[in-house]
Structure formats: C-alpha cells, structure tokens
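Visitor: Just so it is clear, I am handing over target-v8.txt, which has compact mmCIF, C-alpha atoms and all ligand atoms.
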# COMPACT_ATOMS: atom_id res chain seq x y z
CA MET V 91 -0.94 29.02 -0.57
CA GLN V 92 1.30 30.31 -3.30
CA HIS V 93 4.59 28.42 -3.53
CA LEU V 94 7.84 30.17 -4.22
CA GLN V 95 10.13 27.13 -4.32
CA GLU V 96 11.44 27.99 -7.75
CA MET V 97 13.13 30.97 -6.14
CA HIS V 98 15.45 28.65 -4.18
CA LEU V 99 14.85 30.07 -0.75
CA SER V 100 17.29 28.73 1.76
CA SER V 101 15.93 27.25 4.96
CA SER V 102 17.71 27.64 8.26
CA VAL V 103 17.15 26.58 11.85
CA PHE V 104 19.03 28.24 14.66
CA SER V 105 18.77 28.74 18.38
CA LEU V 106 18.72 32.06 20.18
CA SER V 107 19.93 30.49 23.44
CA ARG V 108 23.32 32.18 23.24
CA TYR V 109 21.46 35.48 23.46
CA GLY V 110 19.76 34.32 26.67
CA ILE V 111 16.50 33.56 24.84
CA ASN V 112 15.47 29.91 24.80
CA THR V 113 13.91 29.97 21.39
CA SER V 114 14.59 27.98 18.24
CA VAL V 115 13.88 29.71 14.95
CA ARG V 116 13.17 28.07 11.61
CA ILE V 117 13.05 30.16 8.46
CA GLY V 118 12.09 28.75 5.07
CA SER V 119 9.52 28.41 2.37
CA GLY V 120 6.60 25.96 2.54
CA ILE V 121 7.48 24.81 6.08
CA MET V 122 4.24 25.72 7.88
CA LEU V 123 2.26 22.49 7.36
CA GLU V 124 5.11 20.26 8.46
CA GLU V 125 5.46 22.32 11.66
CA LEU V 126 1.71 22.22 12.28
CA GLU V 127 1.73 18.43 11.85
CA ALA V 128 4.41 18.20 14.54
CA LEU V 129 2.28 20.35 16.84
CA SER V 130 -0.83 18.25 16.36
CA GLY V 131 0.56 15.55 18.68
CA HIS V 132 0.22 18.03 21.60
CA ASP V 133 -2.68 19.88 23.21
CA THR V 134 -2.58 22.92 20.96
CA TYR V 135 -4.70 26.04 20.61
CA ILE V 136 -3.99 28.25 17.61
CA ALA V 137 -5.13 31.86 17.35
CA VAL V 138 -5.10 32.56 13.63
CA SER V 139 -5.54 35.83 11.76
CA GLY V 140 -8.92 35.77 9.97
CA LYS V 141 -7.35 37.63 7.06
CA VAL V 142 -4.46 35.17 6.70
CA LEU V 143 -6.93 32.30 6.91
CA SER V 144 -8.97 33.77 4.06
CA LEU V 145 -5.88 34.20 1.87
CA HIS V 146 -4.16 30.85 2.46
CA ASN V 147 -6.36 27.88 1.54
CA GLU V 148 -3.94 25.16 2.54
CA LEU V 149 -3.91 26.57 6.05
CA SER V 150 -7.69 26.80 6.38
CA GLN V 151 -8.09 23.28 4.99
CA TRP V 152 -5.50 21.84 7.35
CA LEU V 153 -7.07 23.53 10.37
CA SER V 154 -10.59 22.46 9.54
CA ASN V 155 -9.52 18.86 8.80
CA ASN V 156 -7.39 18.45 11.89
CA ARG V 157 -9.68 17.64 14.78
CA ARG V 158 -6.93 17.40 17.40
CA VAL V 159 -5.92 21.03 17.16
CA HIS V 160 -8.23 23.77 18.42
CA TYR V 161 -8.16 26.99 16.50
CA SER V 162 -9.87 30.31 16.59
CA PRO V 163 -9.95 32.91 13.79
CA VAL V 164 -9.25 36.40 15.13
CA ASP V 165 -10.15 39.72 13.61
CA ASP V 166 -6.61 41.05 13.98
CA GLY V 167 -5.06 44.49 13.73
CA GLU V 168 -4.64 46.93 16.63
CA ARG V 169 -8.24 46.33 17.80
CA CYS V 170 -7.42 42.75 18.87
CA LYS V 171 -4.98 44.00 21.51
CA SER V 172 -7.89 44.63 23.87
CA LEU V 173 -9.20 43.30 27.16
CA SER V 174 -12.34 42.07 25.40
CA SER V 175 -10.31 39.95 22.92
CA TYR V 176 -8.26 38.69 25.87
CA GLU V 177 -11.42 37.71 27.74
CA GLY V 178 -12.80 36.01 24.63
CA MET V 179 -9.69 33.88 24.19
CA VAL V 180 -9.42 32.94 27.87
CA SER V 181 -13.14 31.98 27.93
CA SER V 182 -12.71 29.74 24.96
CA LEU V 183 -9.62 28.06 26.51
CA LEU V 184 -11.49 27.50 29.77
CA SER V 185 -14.53 26.08 28.02
CA LEU V 186 -12.26 23.60 26.23
CA GLY V 187 -10.63 22.68 29.55
CA PHE V 188 -7.32 23.56 27.88
CA PRO V 189 -4.47 22.36 30.12
CA ARG V 190 -1.62 24.42 31.49
CA GLY V 191 0.82 22.02 29.81
CA GLY V 192 -0.63 22.81 26.36
CA ILE V 193 0.80 25.03 23.64
CA ILE V 194 -0.79 28.29 22.55
CA ALA V 195 0.32 29.35 19.08
CA TYR V 196 -0.49 32.23 16.78
CA ILE V 197 -0.47 32.52 13.01
CA GLY V 198 -0.56 36.22 12.16
CA GLY V 199 1.18 39.55 12.56
CA GLY V 200 2.48 41.47 15.56
CA THR V 201 -0.94 42.44 16.90
CA LEU V 202 -2.12 38.84 17.15
CA GLY V 203 1.30 37.88 18.54
CA ASP V 204 0.91 40.47 21.30
CA LEU V 205 -2.55 39.16 22.20
CA ALA V 206 -1.65 35.46 22.03
CA GLY V 207 1.61 36.05 23.92
CA PHE V 208 -0.24 37.82 26.73
CA VAL V 209 -2.81 35.02 26.93
CA SER V 210 -0.08 32.36 26.91
CA ALA V 211 1.88 34.18 29.64
CA THR V 212 -1.12 34.53 31.95
CA TYR V 213 -3.49 31.59 31.27
CA LYS V 214 -3.04 29.26 34.25
CA ARG V 215 0.17 31.22 34.97
CA GLY V 216 1.78 30.29 31.69
CA THR V 217 1.54 27.75 28.87
CA GLY V 218 3.84 26.73 26.04
CA PHE V 219 4.03 29.35 23.27
CA PHE V 220 4.79 29.01 19.53
CA ALA V 221 4.86 31.79 16.92
CA PHE V 222 4.09 31.65 13.21
CA PRO V 223 4.63 35.29 12.18
CA THR V 224 3.03 36.17 8.85
CA THR V 225 4.05 39.82 8.33
CA LEU V 226 7.59 41.00 7.64
CA LEU V 227 7.48 43.15 10.79
CA SER V 228 6.47 40.25 13.00
CA SER V 229 9.10 38.00 11.37
CA VAL V 230 12.05 40.33 11.96
CA ASP V 231 10.85 42.19 15.03
CA SER V 232 7.79 41.50 17.19
CA SER V 233 8.12 37.71 17.39
CA ILE V 234 11.67 38.12 18.80
CA GLY V 235 12.35 39.06 22.40
CA GLY V 236 9.15 37.96 24.14
CA LYS V 237 7.39 41.29 24.67
CA ASN V 238 3.61 41.22 24.44
CA ALA V 239 0.99 43.82 25.26
CA LEU V 240 -2.62 44.91 25.24
CA ASN V 241 -3.80 48.49 24.74
CA PHE V 242 -5.90 50.06 27.50
CA ASP V 243 -8.10 53.16 27.12
CA SER V 244 -6.17 55.08 24.49
CA LEU V 245 -2.76 53.97 25.74
CA LYS V 246 -0.95 51.59 23.42
CA ASN V 247 0.85 48.64 25.02
CA ALA V 248 -0.36 49.69 28.50
CA VAL V 249 -0.27 46.18 29.99
CA GLY V 250 1.94 43.27 29.04
CA THR V 251 4.60 40.77 30.03
CA ILE V 252 7.77 39.29 28.61
CA TRP V 253 7.12 35.68 27.58
CA ASN V 254 9.24 34.12 24.87
CA PRO V 255 7.96 31.59 22.35
CA SER V 256 9.98 28.36 22.48
CA ARG V 257 9.76 28.08 18.69
CA ILE V 258 9.33 30.63 15.92
CA ILE V 259 8.46 29.34 12.46
CA ILE V 260 8.87 31.89 9.69
CA ASP V 261 7.30 30.60 6.49
CA LEU V 262 8.29 33.15 3.86
CA ASP V 263 5.40 32.09 1.61
CA PHE V 264 3.15 34.26 3.77
CA LEU V 265 4.93 37.38 2.51
CA ALA V 266 3.49 36.81 -0.98
CA THR V 267 0.08 38.13 0.12
CA LEU V 268 1.28 41.04 2.23
CA PRO V 269 0.12 44.50 1.08
CA ARG V 270 2.92 46.93 0.17
CA ASP V 271 2.46 49.24 3.21
CA GLU V 272 2.67 46.22 5.51
CA LEU V 273 5.84 45.06 3.76
CA LEU V 274 7.37 48.52 4.24
CA ASN V 275 6.57 48.43 7.96
CA GLY V 276 8.98 45.50 8.15
CA VAL V 277 11.47 47.09 5.75
CA SER V 278 11.79 50.13 8.05
CA GLU V 279 12.75 47.86 10.97
CA ILE V 280 15.38 46.18 8.77
CA VAL V 281 16.75 49.62 7.84
CA LYS V 282 16.84 50.41 11.57
CA TYR V 283 18.88 47.23 12.24
CA ALA V 284 21.25 48.19 9.42
CA ILE V 285 21.80 51.63 10.98
CA LEU V 286 22.21 50.11 14.44
CA LYS V 287 24.68 47.41 13.55
CA ASP V 288 25.12 46.26 9.98
CA PRO V 289 24.97 48.97 7.24
CA GLU V 290 26.01 46.45 4.55
CA LEU V 291 22.75 44.54 5.13
CA LEU V 292 21.00 46.96 2.78
CA ASP V 293 23.44 46.23 -0.07
CA GLU V 294 22.59 42.51 -0.08
CA ARG V 295 20.74 41.23 -3.11
CA GLY V 296 18.17 39.58 -0.79
CA PHE V 297 17.27 42.99 0.66
CA LEU V 298 17.10 44.71 -2.74
CA ASN V 299 14.80 41.88 -3.91
CA LEU V 300 12.67 42.01 -0.78
CA VAL V 301 11.92 45.71 -1.27
CA LYS V 302 10.66 44.78 -4.76
CA ASN V 303 8.49 42.03 -3.28
CA ASP V 304 10.71 39.28 -4.69
CA HIS V 305 11.54 36.86 -1.91
CA SER V 306 14.69 35.20 -3.23
CA GLY V 307 17.36 35.70 -0.61
CA SER V 308 14.88 36.89 2.06
CA ALA V 309 15.74 34.07 4.46
CA GLU V 310 19.25 35.43 4.94
CA ILE V 311 18.00 39.00 5.48
CA VAL V 312 15.41 37.82 8.02
CA GLU V 313 18.00 35.72 9.85
CA ARG V 314 20.56 38.56 10.00
CA SER V 315 17.87 40.95 11.25
CA ILE V 316 16.80 38.53 13.98
CA ARG V 317 20.39 38.05 15.12
CA ILE V 318 20.89 41.83 15.32
CA LYS V 319 17.74 42.25 17.42
CA ALA V 320 18.73 39.30 19.62
CA GLY V 321 22.15 40.88 20.18
CA PHE V 322 20.52 44.00 21.66
CA ILE V 323 18.22 41.90 23.84
CA SER V 324 21.01 39.68 25.12
CA GLY V 325 21.66 40.53 28.75
CA ASP V 326 18.63 42.85 28.84
CA ILE V 327 15.70 40.48 28.46
CA ASP V 328 13.52 42.41 30.89
CA ASP V 329 14.26 45.81 29.29
CA ARG V 330 15.62 47.32 32.49
CA GLY V 331 19.24 47.34 31.38
CA SER V 332 21.01 49.50 28.85
CA THR V 333 20.87 47.77 25.47
CA ARG V 334 17.26 47.05 24.53
CA ILE V 335 16.65 50.81 24.45
CA PHE V 336 18.71 51.10 21.23
CA LEU V 337 15.94 49.20 19.44
CA ASN V 338 13.80 52.26 20.12
CA PHE V 339 15.78 54.34 17.59
CA GLY V 340 13.34 56.42 15.51
CA HIS V 341 10.38 55.24 17.58
CA THR V 342 9.90 58.15 20.07
CA PHE V 343 9.13 60.51 17.20
CA GLY V 344 7.71 57.75 14.97
CA HIS V 345 5.12 56.47 17.45
CA ALA V 346 3.98 60.02 18.25
CA LEU V 347 3.62 60.78 14.53
CA GLU V 348 1.56 57.63 13.96
CA ALA V 349 -0.61 58.53 16.94
CA VAL V 350 -1.36 62.15 15.92
CA SER V 351 -2.21 60.99 12.42
CA GLN V 352 -4.63 58.47 13.99
CA ASN V 353 -2.62 55.76 12.24
CA ALA V 354 -3.10 57.33 8.79
CA ILE V 355 0.70 57.39 8.72
CA PRO V 356 1.76 53.74 8.83
CA HIS V 357 4.38 52.54 11.32
CA GLY V 358 7.15 52.10 8.75
CA ARG V 359 6.91 55.64 7.40
CA GLY V 360 6.54 57.06 10.93
CA VAL V 361 9.72 55.30 12.05
CA ALA V 362 11.53 56.37 8.85
CA ALA V 363 10.68 60.02 9.66
CA GLY V 364 11.63 59.37 13.30
CA MET V 365 15.06 57.98 12.41
CA ILE V 366 15.73 61.14 10.39
CA PHE V 367 14.44 63.50 13.09
CA GLU V 368 16.34 61.76 15.90
CA THR V 369 19.58 61.75 13.88
CA LYS V 370 19.10 65.43 12.99
CA LEU V 371 18.49 66.23 16.67
CA ALA V 372 21.77 64.51 17.59
CA CYS V 373 23.51 66.39 14.77
CA ASP V 374 22.12 69.75 16.02
CA LEU V 375 23.40 68.88 19.51
CA GLY V 376 26.86 68.31 18.04
CA LEU V 377 26.77 64.57 18.78
CA CYS V 378 27.18 63.38 15.19
CA GLY V 379 28.24 64.91 11.90
CA GLU V 380 26.14 66.03 8.93
CA ASN V 381 27.56 63.12 6.91
CA THR V 382 25.84 60.69 9.33
CA LEU V 383 22.54 62.44 8.73
CA HIS V 384 23.03 62.27 4.95
CA ARG V 385 23.86 58.56 5.09
CA VAL V 386 20.81 57.81 7.24
CA VAL V 387 18.58 59.72 4.83
CA SER V 388 19.93 57.90 1.79
CA MET V 389 19.66 54.48 3.48
CA ILE V 390 16.00 55.24 4.14
CA ARG V 391 15.23 56.70 0.70
CA ASP V 392 17.08 53.94 -1.18
CA SER V 393 14.95 51.36 0.63
CA GLY V 394 11.75 52.62 -0.97
CA LEU V 395 10.41 54.19 2.22
CA ASP V 396 8.66 57.41 1.22
CA LEU V 397 8.60 59.99 3.94
CA PRO V 398 5.26 61.22 5.28
CA GLY V 399 4.25 64.86 4.82
CA LEU V 400 4.46 66.87 8.05
CA GLU V 401 2.37 69.91 7.00
CA ASN V 402 -0.74 69.03 9.01
CA VAL V 403 1.03 67.75 12.09
CA ASP V 404 0.26 69.55 15.37
CA PRO V 405 3.56 69.65 17.32
CA THR V 406 1.86 70.34 20.68
CA MET V 407 -0.28 67.27 20.31
CA MET V 408 2.73 65.28 19.19
CA MET V 409 4.65 66.37 22.28
CA ARG V 410 1.83 65.03 24.45
CA TYR V 411 2.35 61.59 22.96
CA VAL V 412 6.12 61.90 23.29
CA LEU V 413 5.81 62.70 27.01
CA ASN V 414 3.47 59.79 27.56
CA ASP V 415 6.28 57.63 26.28
CA LYS V 416 7.74 55.42 28.97
CA LYS V 417 11.26 56.56 28.11
CA SER V 418 10.66 60.10 29.40
CA ARG V 419 11.65 60.60 33.04
CA ASP V 420 11.99 63.86 35.02
CA GLY V 421 11.75 65.85 31.82
CA ILE V 422 14.66 64.00 30.22
CA LEU V 423 14.25 61.88 27.12
CA VAL V 424 16.80 59.20 26.35
CA ILE V 425 17.22 59.07 22.59
CA PRO V 426 19.37 56.53 20.73
CA TYR V 427 21.24 58.01 17.76
CA PRO V 428 23.88 56.86 15.30
CA VAL V 429 27.36 58.30 15.74
CA ARG V 430 27.63 56.80 12.26
CA PRO V 431 25.71 53.87 10.71
CA GLY V 432 26.83 50.77 12.64
CA LYS V 433 27.78 52.66 15.83
CA MET V 434 25.11 53.91 18.24
CA ASP V 435 25.08 56.02 21.39
CA LEU V 436 22.45 57.48 23.72
CA ALA V 437 21.62 61.17 24.13
CA GLU V 438 19.91 62.56 27.23
CA VAL V 439 17.78 65.37 25.83
CA ARG V 440 15.81 67.89 27.87
CA GLN V 441 12.12 67.92 27.06
CA GLU V 442 12.24 71.62 26.02
CA THR V 443 15.16 70.97 23.65
CA PHE V 444 13.32 68.06 22.07
CA GLU V 445 10.16 70.15 21.71
CA LYS V 446 11.99 73.09 20.11
CA SER V 447 13.70 70.80 17.58
CA LEU V 448 10.45 69.00 16.87
CA LYS V 449 8.67 72.28 16.12
CA GLU V 450 11.47 73.42 13.81
CA PHE V 451 11.53 70.06 12.04
CA ILE V 452 7.79 70.13 11.43
CA VAL V 453 7.96 73.66 10.02
CA SER V 454 11.00 73.09 7.81
CA GLY V 455 9.94 69.55 6.80
CA TYR V 456 12.82 67.41 5.58
CA GLY V 457 14.27 70.67 4.22
CA PRO V 458 17.44 70.47 2.20
CA ILE V 459 18.18 66.91 3.36
N1 LIG L 1 5.97 42.63 21.04
C1 LIG L 1 6.92 43.29 20.41
O1 LIG L 1 8.12 43.18 20.70
C2 LIG L 1 6.54 44.21 19.29
C3 LIG L 1 7.53 44.80 18.50
C4 LIG L 1 7.12 45.58 17.42
C5 LIG L 1 5.76 45.78 17.18
N2 LIG L 1 4.85 45.19 18.00
C6 LIG L 1 3.41 45.35 17.76
O2 LIG L 1 3.12 44.70 16.53
C7 LIG L 1 1.96 45.31 15.97
C8 LIG L 1 2.21 45.51 14.49
O3 LIG L 1 2.41 44.25 13.89
P1 LIG L 1 2.18 44.02 12.32
O4 LIG L 1 2.87 45.10 11.59
O5 LIG L 1 2.53 42.61 12.03
O6 LIG L 1 0.63 44.35 12.16
P2 LIG L 1 -0.73 43.47 12.19
O7 LIG L 1 -0.64 42.33 13.08
O8 LIG L 1 -1.81 44.47 12.45
O9 LIG L 1 -0.84 42.97 10.69
C9 LIG L 1 -1.00 43.95 9.71
C10 LIG L 1 -2.14 43.59 8.75
O10 LIG L 1 -1.68 42.59 7.87
C11 LIG L 1 -2.61 41.50 7.84
N3 LIG L 1 -1.79 40.33 7.55
C12 LIG L 1 -1.02 39.61 8.39
N4 LIG L 1 -0.33 38.70 7.70
C13 LIG L 1 -0.70 38.82 6.41
C14 LIG L 1 -0.33 38.15 5.22
N5 LIG L 1 0.60 37.20 5.22
N6 LIG L 1 -0.91 38.52 4.06
C15 LIG L 1 -1.84 39.53 4.04
N7 LIG L 1 -2.21 40.21 5.12
C16 LIG L 1 -1.64 39.86 6.31
C17 LIG L 1 -3.30 41.55 9.16
O11 LIG L 1 -4.57 40.95 9.08
C18 LIG L 1 -3.39 43.04 9.42
O12 LIG L 1 -4.49 43.58 8.73
C19 LIG L 1 1.70 46.60 16.75
O13 LIG L 1 0.60 46.41 17.61
C20 LIG L 1 2.96 46.78 17.57
O14 LIG L 1 2.73 47.41 18.80
C21 LIG L 1 5.20 44.40 19.03
Would you mind writing the file out in structure tokens?

Guide:
Amino acid sequence: MQHLQEMHLSSSVFSLSRYGINTSVRIGSGIMLEELEALSGHDTYIAVSGKVLSLHNELSQWLSNNRRVHYSPVDDGERCKSLSSYEGMVSSLLSLGFPRGGIIAYIGGGTLGDLAGFVSATYKRGTGFFAFPTTLLSSVDSSIGGKNALNFDSLKNAVGTIWNPSRIIIDLDFLATLPRDELLNGVSEIVKYAILKDPELLDERGFLNLVKNDHSGSAEIVERSIRIKAGFISGDIDDRGSTRIFLNFGHTFGHALEAVSQNAIPHGRGVAAGMIFETKLACDLGLCGENTLHRVVSMIRDSGLDLPGLENVDPTMMMRYVLNDKKSRDGILVIPYPVRPGKMDLAEVRQETFEKSLKEFIVSGYGPI
C-alpha cells in the first residue's frame, strides 16, 4: 500500500452515539493493519473487494498470513448486490460454522458494504458488523447510517435492512488508488452535504486538495461530511420520519438519469445534474430565487464535476424510473430543495409538473445557467 504519511494527515476517532447511531468512527492514514490486528482476536469473516486486494499488497499479505481470520475476495460493483452473492456468502459462513457472536466485516466500496451489511443483519438473525470503506463515496456516505440492500430483477435496492456497523475504519491510503470517476462520485455527495448544511465546506483547503487527488486535509473533510449525514439521520434512523429524506437531494433525477444511461453516466455526475434540475424545479415553482440556482451551479462546477450531456436522454423512460422511486406516492413526489445553500425545505410536486419540467430541462439542457 502506498503511504501518504508525509502529507501529515490527521487521525480522529469519534462516536456517532449522540446521533442515535452506536458506531465509533476512526479516520486516518495507515490505520488499517492495526485495526485488523485488533479484530483477529475475535471470530471474524471479512468480505474483501477483489480489486482492492489486487491493488494493496500489504492487505493481501496480511490476510493470507493470518490464519485466524476468514476472508473471501468478492467481485464487487453493482453485480455483487445480488441474491446469488448473498447465497454464496451465507453458504461459506455456514460451512465454516461461523458463530452468531462473530464479526462480519467488509473492505471495499458501497456495493460490497450493502452486500456484507445485509448478510450481517440476517445471518443467524444478526452478527457484529465492521466497515472498512475504501471509496470516497463509501467513506462519506454509504458506510454511515446502516442502510444495506440487494438488487432484485431490475430494481435497485429492492430488499434490505438497516443494520449499523459498530465500528467504521476509514484508512485514507485507500483513496490513492481510486479512479477519478469513483473519486468524483464521492465528491458529489460532499457537494450535496455542503448545499444541505455547510456551504463553507467547499472552501476548505482539504476539499480543494481532495478534488485534485491530494489527500492532505481529507480527514477533516470526511469527518465533517459524516457529521452532516449523521445529523440528518439522527431521530430518523429507520427512514420513516422527516429528516433522512433531505439526503435524497438530487437523487430522484440523478438515479433515473443513471438508470436510463445504463450506468454510462456515473452516480456523481447524475447527482450533480439532479441537484441542478431539482433546484431549478423549485425555482420555477417560486420556492427559491435564481441566485440560489446560480450558487448551486457554481458549487458543482467549481468542484470539478462535469455535467453529463442530456441530448440522448428519453424523458418518458426517465419518468418511468422516477415513478418507480419509493418517494412517489399518489402521484406526488416529495423533492428536497435548497431555499439557499445551507437551508433546505421540501416541495410536494405533482407528477405531471415534474414530468413537464423534466422534458423542458432535457430539451434546453443546462441552458444559460
Ligand atoms: N447503504 C447506503 O446507505 C448507501 C448510500 C449510498 C450509496 N449506496 C450504494 O453504494 C454503491 C456505490 O458505492 P461505491 O461508489 O463505493 O461503488 P463500488 O462499491 O461499486 O466501488 C466502485 C469501484 O471502485 C473499486 N474500488 C473500491 N475501492 C477502491 C480503491 N481503494 N481503489 C481502486 N478501486 C477501488 C471497486 O472495485 C469498484 O469497481 C451503490 O450500489 C449504491 O446503491 C448505499
């Protein structure tokens, strides 16, 4: 593994218990092996991304030399969030006689986290769960809040539970091998947090460095992002209340755009386009001013997120995905939007209104914005 110590990354440990989540988080550089050593005194099963394993020699050496820890390389990415991967992991746990009191951990991105979390939540009605996120998106987003899911037929995240890891270890050294598009998927979630709660986050040197793939100061940006997400989860762990929904900003449009492009448009760029569309929709409905839209656009553009072309997008097909979205009920879509960066509200938008705006947006593109 490549070491970045010379960049003086700070290391921090904090607990999310005051947000109602019993999880301790450690962020730092070169901390993974020490945390794995601590785990090796327990019955532990680690699902590890095959790609991460191939890129990080210290990790593969440690796993193959440590006989007390069971591990399984997983071909990760969206395809691993399937019933067949679930069956494979449960079979291997059963054949090991893995106990209910053991710890299931994952080392990988959000897809592997969703699979491992679902296995941990359901194997023998629940085991211990640890997370070692290795993408920026999984570090600032998917590892926090306990949601996990498998895809079923063509429906993404069709089955899942909420099962929080008791410990999240974010070793920033993993980011050194992350491809640029994957980095930007995480950047777009950080931009979302900035718009939701903390616009100054994007002015921090750590963020400006992170966008350039320089990780000095990243620990602070990751920690601030996690605390923002945790704040929206607090009091709404099971996502049936009224705050977790704000985290969906940009995602109704963004997910549909990713889906119609058959994932040719990566998540980060889909959400970037979605944040612009959903702010513009609110603006057109008279819920926020043009200056809010302009600020949102510049926050996105200044963060290096290039916007996807919309020329070949079929709006009717996109609407199908939008309506499949769990947030649409009785023809009403609940859309979070910024009154201004740092202050959010919810709009109840009729399906026809959403569809009309979506069609116009696709025809005019990002227009004069
Ligand atoms: N549970 C939640 O709350 C939640 C929240 C947001 C997203 N998600 C889910 O997360 C998934 C997306 O997660 P993701 O963006 O981490 O994608 P991912 O898990 O597919 O990882 C992206 C790619 O990067 C590779 N990779 C991982 N770490 C690497 C590293 N350090 N260096 C080089 N390559 C590396 C992986 O092998 C994969 O090819 C989606 O399925 C989404 O639904 C879940």

Visitor: Considering all atoms listed in the file, can you say which of V:Gly140, V:Gly191, V:Pro255, V:Gly340 comes closest to Lys282 (chain V)?

Guide: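 Closest to Lys282 (chain V), using all atoms listed in the file: V:Gly340.
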
Visitor: From the options V:Ile258, V:Leu375, V:Leu286, V:Ala346, which residue's atoms come nearest to Leu245 (chain V), counting all atoms listed in the file?

Guide: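 Closest to Leu245 (chain V) of all the choices is V:Ala346.
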
Visitor: So which residues are near ligand LIG 1 (chain L), meaning at most 6 Å away with all atoms listed in the file counted, given back as a count of residues only?

Guide: 24

Visitor: Quick one: residues within 8 Å of Val180 (chain V), only C-alpha atoms, excluding same-chain residues fewer than 3 positions away - as an MDAnalysis selection string?

Guide: chainID V and resid 176:177 183:184 209 213

Visitor: Determine the nearest neighbour of Met407 (chain V) from the options V:Asp293, V:Asp261, V:Asp420, V:Glu348, counting only C-alpha atoms.

Guide: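 Closest to Met407 (chain V) of all the choices is V:Glu348.
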
Visitor: What's the separation between CA of Ile355 (chain V) and CA of Lys433 (chain V), in Å to one decimal place?

Guide: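 Result for CA of Ile355 (chain V) versus CA of Lys433 (chain V): 28.4 Å, one decimal.
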
Visitor: Grab the CA of Leu383 (chain V) to CA of Ser454 (chain V) distance for me, in Å with one decimal place.

Guide: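 For CA of Leu383 (chain V) relative to CA of Ser454 (chain V), the distance reads 15.7 Å.
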
Visitor: Find the distance between CA of Arg330 (chain V) and CA of Asp435 (chain V) and write it in Å to one decimal.

Guide: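 According to the coordinates, CA of Arg330 (chain V) and CA of Asp435 (chain V) are separated by 17.0 Å.
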
Visitor: Using all atoms listed in the file, pick whichever of V:Ser332, V:Ala239, V:Tyr196, V:Arg108 has the shortest atom-to-atom distance to Leu143 (chain V).

Guide: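 Among the listed residues, V:Tyr196 lies closest to Leu143 (chain V).
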